[in-house]
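The structure appears below as structure tokens.
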Amino acid sequence: MFATVQSAKPKDQIKWEKLKEKFNFLNGIINYIIKYIENCSIHGLHFLIKDGLTLFERLFWLILVILSQYFCVYIAMSSVYIYQTKNTHVGIERDFYFWNTSLPSVTICPMKRIDDEKFDEFCDHNDIVLDRKKTLRDFLEQLANSTYINFKYLPDYGSIYRTLDKLNVKPQQYMELIYNVTADMTSNPIDMYRARCIHDNANIKVRQVLTEYGLCYLTNNYLGQKYTSSFLIYGQYPDINPFEAKKPFRKILSGSFFDKDVSYTFIGFPESIDLFVHSPYDVMKVDSNFGYAEDHLEFDPVTMEIVTGTGFDEASVRQRHCRFPHESNLTHFPIYTKNICLQECRLNLVYKTCKCIPHFYPNRFGKPKAVCDYRTLKECVGQYSDQFLKIFVVNSAKDVANISNKKLKKAPCYCDQNCEDSVVTIQAVHVMLSSKPLLGSIGAQVSMKTWPRQRLKRIIIFNFSDLLVYIGGTAGLFMGFSVLGALEVVYFFTLRLLFHLLGYKL
């Protein structure tokens with residue numbers, strides 16, 4: 001018997017069979033898509049496969065479908081862009097009978113900052129005596145009172161570097177040293193010389209803060225405890241003030257249209273001071289001071305508040321183009337306000353020009369920068385102080401003369417607005433001459449006599465529900481599409497396609 005021998009298939013026949021399988025698979029996909037077009041709810045698609053139409057008619061309907069889908073996507077993306085960038089609105093409110101308006105904040109910087117007792121204790125502990133002690137005292141007092149407006153006038157202390165080397169004090173420790181030999185005036189046991197803010201029988205919160213003018217005192221402000229000198233220098237929240245428990249305290253003083261005159265008195269400073277009146281939602285600007293004062297001052301302000309509507313904080317920063325204090329994007333500050341953002345722009349400009357930053361900036365958050373020594377503050381920062389205050393780019397000493405001529409360009413600096421803010425205008429300032437013997441100290445009084453009859457309010461006018469309605473309406477207008485139509489696409493190309501591939505008849 002002879003075994004049956006199967007003849008091998010030719011190679012060309014094998015290739016053809018494989019090609020035929022591919023064509024069959026492709027044909028199956030095309031037939032499946034045709035089946036979807038026959039059953040879908042999108043207008044116009046079924047004309048592409050309908051029997052009895054000429055090629056011209058099919059091309060005509062294809063062009064219409066493509067154009068309708070293009071405009072649908074274009075208008076839908078425009079709606080998404082509006083939602084992401086322009087979905088908020090600032091309007092004017094005039095129902096002033098129902099408002100409470102916050103009084104402005106006051107920041108006071110005392111001109112005598114070094115505490116004698118703390119300084120003597122520091123010198124005794126480090127064996128600093130006689131002339132070195134006197135020179136160190138003058139040096140620290142000048143450094144504590146220095147800022148952009150007076151850097152160029154700092155005196156020369158040729159021998160101070162030997163003392164600083166002995167104490168192992170680098171420029172990075174300048175602010176820590178000043179802080180350690182400065183007494184917190186809010187904790188002074190003597191009532192007359194304790195920095196305090198009084199309104200009737202209650203006190204308003206006062207805190208020591210770190211500013212571009214060194215250690216100062218702030219009252220009637222909404223910013224949290226992260227804006228305090230101890231937190232910005234050491235990263236620690238301040239200790240509880242024992243004197244705050246003795247009287248009822250309030251964080252912010254506000255009043256309504258029906259209050260005739262609401263005021264507070266910020267006192268406790270024995271010698272000359274520098275004052276700043278500003279928004280209770282922000283910090284002081286170093287170039288907006290009222291000058292040195294040796295008597296008590298009374299301010300008569302007018303304000304216009306900017307408030308936010310319900311749910312406004314749920315929108316992103318990109319949508320509302322403003323920030324709340326907890327939404328800091330800064331590298332040197334843990335909180336955000338517009339003036340703090342300008343401070344960061346300024347310190348970055350100083351760093352770019354002088355390769356260091358002044359000692360009064362927080363330098364423990366993010367990546368620390370080099371701190372300027374005393375000589376650099378005088379020779380570099382002082383030379384371009386006008387440029388830094390106005391955040392102008394200056395490339396040479398000759399450019400300093402052009403600042404007043406407005407020939408310089410602004411340094412790159414973009415700062416979002418505060419979502420909640422107050423525009424403060426001072427109508428009048430009254431000097432209370434010879435008031436120190438009566439009050440025991442000097443300070444400032446803020447008296448609100450004129451209440452605003454309008455305010456600005458930020459609200460959301462285009463939320464996510466509106467976006468869905470806009471996109472759904474656009475899809476319905478151009479393609480007759482709906483939510484069920486979208487689910488139909490998902491169903492047809494997932495679950496139904498799976499059963500089709502598995503060979504089930506549907």
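Every chain in the structure tokens has a letter given in the order shown (A, B, ...), and although residue numbers restart at 1 in each chain, ligands are simply numbered from 1 in the order shown.
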| query | Can you list, as a PyMOL selection string, every residue of region 36-248 of chain A that DSSP puts in strand (DSSP E)? | reply | chain A and resi 88-93+101-102+105-110+196-199+202-204+206-211+214-219
| request: Would you mind listing what lies within 6 Å of region 362-378 of chain A as a VMD selection string, with only C-alpha atoms counted and same-chain residues fewer than 4 positions away left out? | output: chain A and resid 151 to 152 171 to 172 232 331 to 332 356 to 358 382
| task | Name the residues in contact with region 303-311 of chain A at a cut-off of 8 Å, using only C-alpha atoms, excluding same-chain residues fewer than 4 positions from it; report them as a list of chain:residue names. | result |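 After dropping sequence-adjacent residues, the list is A:Thr101, A:Leu103, A:Pro104, A:Ala315, A:Cys419, A:Glu420, A:Asp421, A:Ser422, A:Val423, A:Val424, A:Thr425, A:Trp451, A:Pro452, A:Gln454, A:Arg455, A:Leu456, A:Lys457, A:Arg458, A:Ile459, A:Ile460.
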Store the residues picked out above in a file with C-alpha atoms, as a short mmCIF file (atom, residue, chain, number, x, y, z; two decimals), in the first residue's frame.
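Everything below was put into result-v9.cif:
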```
data_model
loop_
_atom_site.label_atom_id
_atom_site.label_comp_id
_atom_site.auth_asym_id
_atom_site.auth_seq_id
_atom_site.Cartn_x
_atom_site.Cartn_y
_atom_site.Cartn_z
CA THR A 101 -17.71 97.91 55.24
CA LEU A 103 -12.15 100.02 57.97
CA PRO A 104 -8.66 100.38 56.45
CA ALA A 315 -13.43 78.82 40.05
CA CYS A 419 -10.12 88.67 44.69
CA GLU A 420 -11.23 90.62 47.77
CA ASP A 421 -9.80 94.08 48.23
CA SER A 422 -10.52 97.64 49.25
CA VAL A 423 -9.54 100.86 47.50
CA VAL A 424 -8.59 103.33 50.24
CA THR A 425 -8.53 107.09 49.71
CA TRP A 451 -19.63 105.33 54.14
CA PRO A 452 -19.56 104.08 50.53
CA GLN A 454 -21.53 101.40 46.04
CA ARG A 455 -19.09 98.53 45.91
CA LEU A 456 -17.72 96.08 43.35
CA LYS A 457 -18.64 92.41 43.38
CA ARG A 458 -16.97 89.55 41.53
CA ILE A 459 -19.45 86.86 40.46
CA ILE A 460 -19.45 83.77 38.20
#
```
| task | For each of A:Ile37, A:Phe96, A:Phe139, A:Val483, take the minimum atom-to-atom distance to Tyr174 (chain A), counting only C-alpha atoms, then give the residue where this is smallest. | result |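 Closest candidate: A:Phe139.
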| region 298-344 of chain A: residues DSSP assigns to alpha helix (DSSP H), reported as a list in words |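 Residues meeting the alpha helix (DSSP H) criterion: Val317, Arg318, Gln319, Arg320, Lys338, Asn339, Ile340, Cys341, Leu342, Gln343 and Glu344 of chain A.
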| task | Would you kindly return, as a VMD selection string, each protein, DNA or RNA residue with an atom no farther than 8 Å from any atom of Cys72 (chain A), considering only C-alpha atoms and excluding same-chain residues fewer than 6 positions away? | result | chain A and resid 474 to 475 478 to 479
| request: Please measure the separation of CA of Met175 (chain A) and CA of Thr163 (chain A), giving the value in Å to one decimal. | output: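 For CA of Met175 (chain A) relative to CA of Thr163 (chain A), the distance reads 16.4 Å.
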Residues within 10 Å of region 185-194 of chain A, please, as a compact mmCIF listing (two decimals) with C-alpha atoms, in the first residue's frame. Count only C-alpha atoms; anything in the same chain fewer than 4 positions from it doesn't count.
```txt
# COMPACT_ATOMS: atom_id res chain seq x y z
CA PRO A 110 8.74 102.70 64.94
CA ARG A 113 13.57 99.37 67.14
CA ASP A 115 15.57 97.16 72.68
CA LYS A 205 -5.74 92.33 66.85
CA VAL A 206 -2.21 93.78 66.51
CA ARG A 207 0.77 91.79 65.26
CA GLN A 208 4.44 92.32 64.52
CA CYS A 216 6.59 96.94 61.92
CA TYR A 217 3.14 96.56 63.51
CA ILE A 240 -0.28 83.54 72.23
CA ASN A 241 -0.24 87.08 73.58
CA PRO A 242 -1.15 86.96 77.28
CA PHE A 243 -2.74 90.42 77.10
CA GLU A 244 -5.26 89.34 74.46
CA ILE A 267 -1.21 103.59 69.99
CA GLY A 268 1.68 102.46 72.15
CA PHE A 269 4.70 103.97 70.35
CA PRO A 270 6.90 106.17 72.54
CA LEU A 439 -2.31 109.56 75.48
CA GLY A 440 1.06 108.54 76.92
CA SER A 441 2.31 107.55 73.46
CA ILE A 442 1.72 108.28 69.79
```
| request: Using only C-alpha atoms, pick whichever of A:Pro412, A:Pro437, A:Gly255, A:Gly443 has the shortest atom-to-atom distance to Glu298 (chain A). | output: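 Nearest to Glu298 (chain A): A:Gly443.
Nearest to Asn168 (chain A) of all the residues A:Pro334, A:Cys341, A:Asn126, A:Tyr32 is A:Asn126, counting only C-alpha atoms.
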| A:Asn180, A:Thr54, A:Ser254, A:Asn150 ranked by distance to Ser230 (chain A), top pick (using only C-alpha atoms) | A:Asn180
| said: as a list in words, please: the residues near Gly485 (chain A) (cut-off 9 Å, only C-alpha atoms, same-chain neighbours under 4 positions excluded). | reply: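 The contact residues come out as Cys40, Ser41, Ile42, Gly480, Phe481, Val489 and Val490 of chain A.
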Save the residues we just selected, N, CA and C atoms, as a compact mmCIF listing (two decimals), in the first residue's frame?
```
# COMPACT_ATOMS: atom_id res chain seq x y z
N CYS A 40 -27.60 55.73 13.11
CA CYS A 40 -27.22 56.84 14.01
C CYS A 40 -28.21 57.99 13.91
N SER A 41 -28.14 58.87 14.93
CA SER A 41 -29.08 59.99 15.00
C SER A 41 -28.47 61.30 14.50
N ILE A 42 -27.24 61.27 14.01
CA ILE A 42 -26.60 62.50 13.49
C ILE A 42 -27.21 62.83 12.13
N GLY A 480 -27.88 67.86 15.17
CA GLY A 480 -28.99 67.14 15.76
C GLY A 480 -28.52 66.16 16.81
N PHE A 481 -27.43 66.47 17.43
CA PHE A 481 -26.78 65.57 18.39
C PHE A 481 -27.32 65.84 19.79
N VAL A 489 -23.05 56.43 20.27
CA VAL A 489 -21.72 56.23 19.67
C VAL A 489 -20.88 55.32 20.56
N VAL A 490 -20.89 55.60 21.86
CA VAL A 490 -20.10 54.79 22.79
C VAL A 490 -20.57 53.34 22.76
```
With only C-alpha atoms as the counted atoms, please give the residues lying no more than 12 Å from region 43-52 of chain A, apart from itself and same-chain residues fewer than 5 positions off, as a short mmCIF file (atom, residue, chain, number, x, y, z; two decimals) with N, CA, C and O atoms, in the first residue's frame.
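To be explicit, this is the file written out as out-v5.cif:
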```cif
data_model
loop_
_atom_site.label_atom_id
_atom_site.label_comp_id
_atom_site.auth_asym_id
_atom_site.auth_seq_id
_atom_site.Cartn_x
_atom_site.Cartn_y
_atom_site.Cartn_z
N ILE A 30 -15.87 48.09 7.28
CA ILE A 30 -16.62 49.04 6.47
C ILE A 30 -18.12 48.78 6.59
O ILE A 30 -18.94 49.70 6.74
N ASN A 31 -18.50 47.52 6.55
CA ASN A 31 -19.92 47.17 6.68
C ASN A 31 -20.47 47.56 8.05
O ASN A 31 -21.63 47.98 8.17
N ILE A 33 -19.36 50.07 9.94
CA ILE A 33 -19.50 51.53 9.95
C ILE A 33 -20.75 51.95 9.18
O ILE A 33 -21.49 52.85 9.58
N ILE A 34 -21.00 51.26 8.05
CA ILE A 34 -22.21 51.55 7.26
C ILE A 34 -23.46 51.26 8.09
O ILE A 34 -24.44 52.02 8.07
N LYS A 35 -23.43 50.18 8.85
CA LYS A 35 -24.56 49.84 9.71
C LYS A 35 -24.79 50.92 10.76
O LYS A 35 -25.93 51.27 11.08
N TYR A 36 -23.67 51.48 11.31
CA TYR A 36 -23.81 52.57 12.30
C TYR A 36 -24.44 53.80 11.65
O TYR A 36 -25.35 54.42 12.21
N ILE A 37 -23.96 54.15 10.43
CA ILE A 37 -24.49 55.33 9.73
C ILE A 37 -25.98 55.16 9.46
O ILE A 37 -26.77 56.12 9.54
N GLU A 38 -26.40 53.95 9.15
CA GLU A 38 -27.81 53.71 8.87
C GLU A 38 -28.69 53.92 10.11
O GLU A 38 -29.86 54.27 10.00
N GLU A 57 -24.69 64.21 -5.45
CA GLU A 57 -25.50 64.40 -4.25
C GLU A 57 -24.76 63.92 -3.00
O GLU A 57 -24.80 64.55 -1.94
N ARG A 58 -24.09 62.77 -3.13
CA ARG A 58 -23.33 62.26 -1.98
C ARG A 58 -22.21 63.22 -1.59
O ARG A 58 -21.96 63.47 -0.41
N LEU A 59 -21.49 63.79 -2.59
CA LEU A 59 -20.43 64.77 -2.30
C LEU A 59 -21.01 66.02 -1.65
O LEU A 59 -20.40 66.60 -0.73
N PHE A 60 -22.18 66.43 -2.15
CA PHE A 60 -22.83 67.62 -1.58
C PHE A 60 -23.13 67.41 -0.10
O PHE A 60 -22.84 68.27 0.74
N TRP A 61 -23.72 66.25 0.23
CA TRP A 61 -24.03 65.97 1.64
C TRP A 61 -22.76 65.77 2.48
O TRP A 61 -22.72 66.13 3.65
N LEU A 62 -21.72 65.22 1.90
CA LEU A 62 -20.46 65.05 2.62
C LEU A 62 -19.88 66.41 3.02
O LEU A 62 -19.41 66.60 4.14
N ILE A 63 -19.93 67.37 2.07
CA ILE A 63 -19.42 68.71 2.36
C ILE A 63 -20.24 69.37 3.46
O ILE A 63 -19.71 70.00 4.38
N LEU A 64 -21.57 69.22 3.39
CA LEU A 64 -22.43 69.81 4.42
C LEU A 64 -22.15 69.22 5.80
O LEU A 64 -22.09 69.94 6.80
N VAL A 65 -21.97 67.89 5.85
CA VAL A 65 -21.69 67.24 7.14
C VAL A 65 -20.36 67.72 7.70
O VAL A 65 -20.23 68.02 8.90
N ILE A 66 -19.33 67.81 6.83
CA ILE A 66 -18.00 68.26 7.30
C ILE A 66 -18.07 69.70 7.81
O ILE A 66 -17.51 70.03 8.87
N LEU A 67 -18.77 70.57 7.06
CA LEU A 67 -18.88 71.97 7.48
C LEU A 67 -19.64 72.10 8.80
O LEU A 67 -19.24 72.85 9.71
N SER A 68 -20.74 71.36 8.93
CA SER A 68 -21.52 71.45 10.17
C SER A 68 -20.71 70.95 11.36
O SER A 68 -20.74 71.55 12.45
N GLN A 69 -19.94 69.88 11.19
CA GLN A 69 -19.12 69.37 12.27
C GLN A 69 -17.98 70.34 12.61
O GLN A 69 -17.63 70.51 13.78
N ALA A 475 -24.25 71.41 19.49
CA ALA A 475 -24.27 70.11 18.83
C ALA A 475 -25.66 69.81 18.28
O ALA A 475 -25.80 69.23 17.18
N GLY A 476 -26.70 70.20 19.01
CA GLY A 476 -28.06 69.98 18.51
C GLY A 476 -28.37 70.83 17.30
O GLY A 476 -29.05 70.39 16.37
N LEU A 477 -27.86 72.07 17.29
CA LEU A 477 -28.14 72.98 16.17
C LEU A 477 -27.46 72.52 14.89
O LEU A 477 -28.06 72.52 13.81
N PHE A 478 -26.20 72.10 14.97
CA PHE A 478 -25.44 71.79 13.75
C PHE A 478 -25.56 70.32 13.34
O PHE A 478 -25.43 70.00 12.15
N MET A 479 -25.80 69.40 14.28
CA MET A 479 -25.78 67.98 13.92
C MET A 479 -26.98 67.21 14.44
O MET A 479 -27.07 66.00 14.21
N GLY A 480 -27.88 67.86 15.17
CA GLY A 480 -28.99 67.14 15.76
C GLY A 480 -28.52 66.16 16.81
O GLY A 480 -29.16 65.12 17.04
N PHE A 481 -27.43 66.47 17.43
CA PHE A 481 -26.78 65.57 18.39
C PHE A 481 -27.32 65.84 19.79
O PHE A 481 -27.74 66.95 20.12
N SER A 482 -27.27 64.81 20.66
CA SER A 482 -27.73 64.95 22.04
C SER A 482 -26.90 64.04 22.93
O SER A 482 -26.01 63.32 22.46
N GLY A 485 -27.40 60.61 21.84
CA GLY A 485 -26.62 60.37 20.62
C GLY A 485 -25.17 60.04 20.95
O GLY A 485 -24.55 59.17 20.32
#
```
Can you list every residue of region 91-123 of chain A that has an atom at most 10 Å from region 286-293 of chain A, with its nearest atom pair and the distance in Å to one decimal, using only C-alpha atoms, ordered by chain then number, as JSON lines?
```
{"residue": "A:Thr107", "atom": "CA", "partner": "A:Asn289", "partner_atom": "CA", "distance": 9.5}
{"residue": "A:Ile108", "atom": "CA", "partner": "A:Asn289", "partner_atom": "CA", "distance": 9.7}
{"residue": "A:Cys109", "atom": "CA", "partner": "A:Tyr292", "partner_atom": "CA", "distance": 9.5}
{"residue": "A:Pro110", "atom": "CA", "partner": "A:Tyr292", "partner_atom": "CA", "distance": 9.4}
{"residue": "A:Met111", "atom": "CA", "partner": "A:Tyr292", "partner_atom": "CA", "distance": 8.7}
```
| field | Nearest-residue call for Pro280 (chain A), choices A:Thr337, A:Ser263, A:Ser229, A:Asn203, using only C-alpha atoms | value |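 Of all the options, A:Thr337 lies closest to Pro280 (chain A).
In terms of minimum interatomic distance to His359 (chain A), A:Tyr148 ranks closest within A:Tyr470, A:Tyr148, A:Phe299, A:Phe266, counting only C-alpha atoms.
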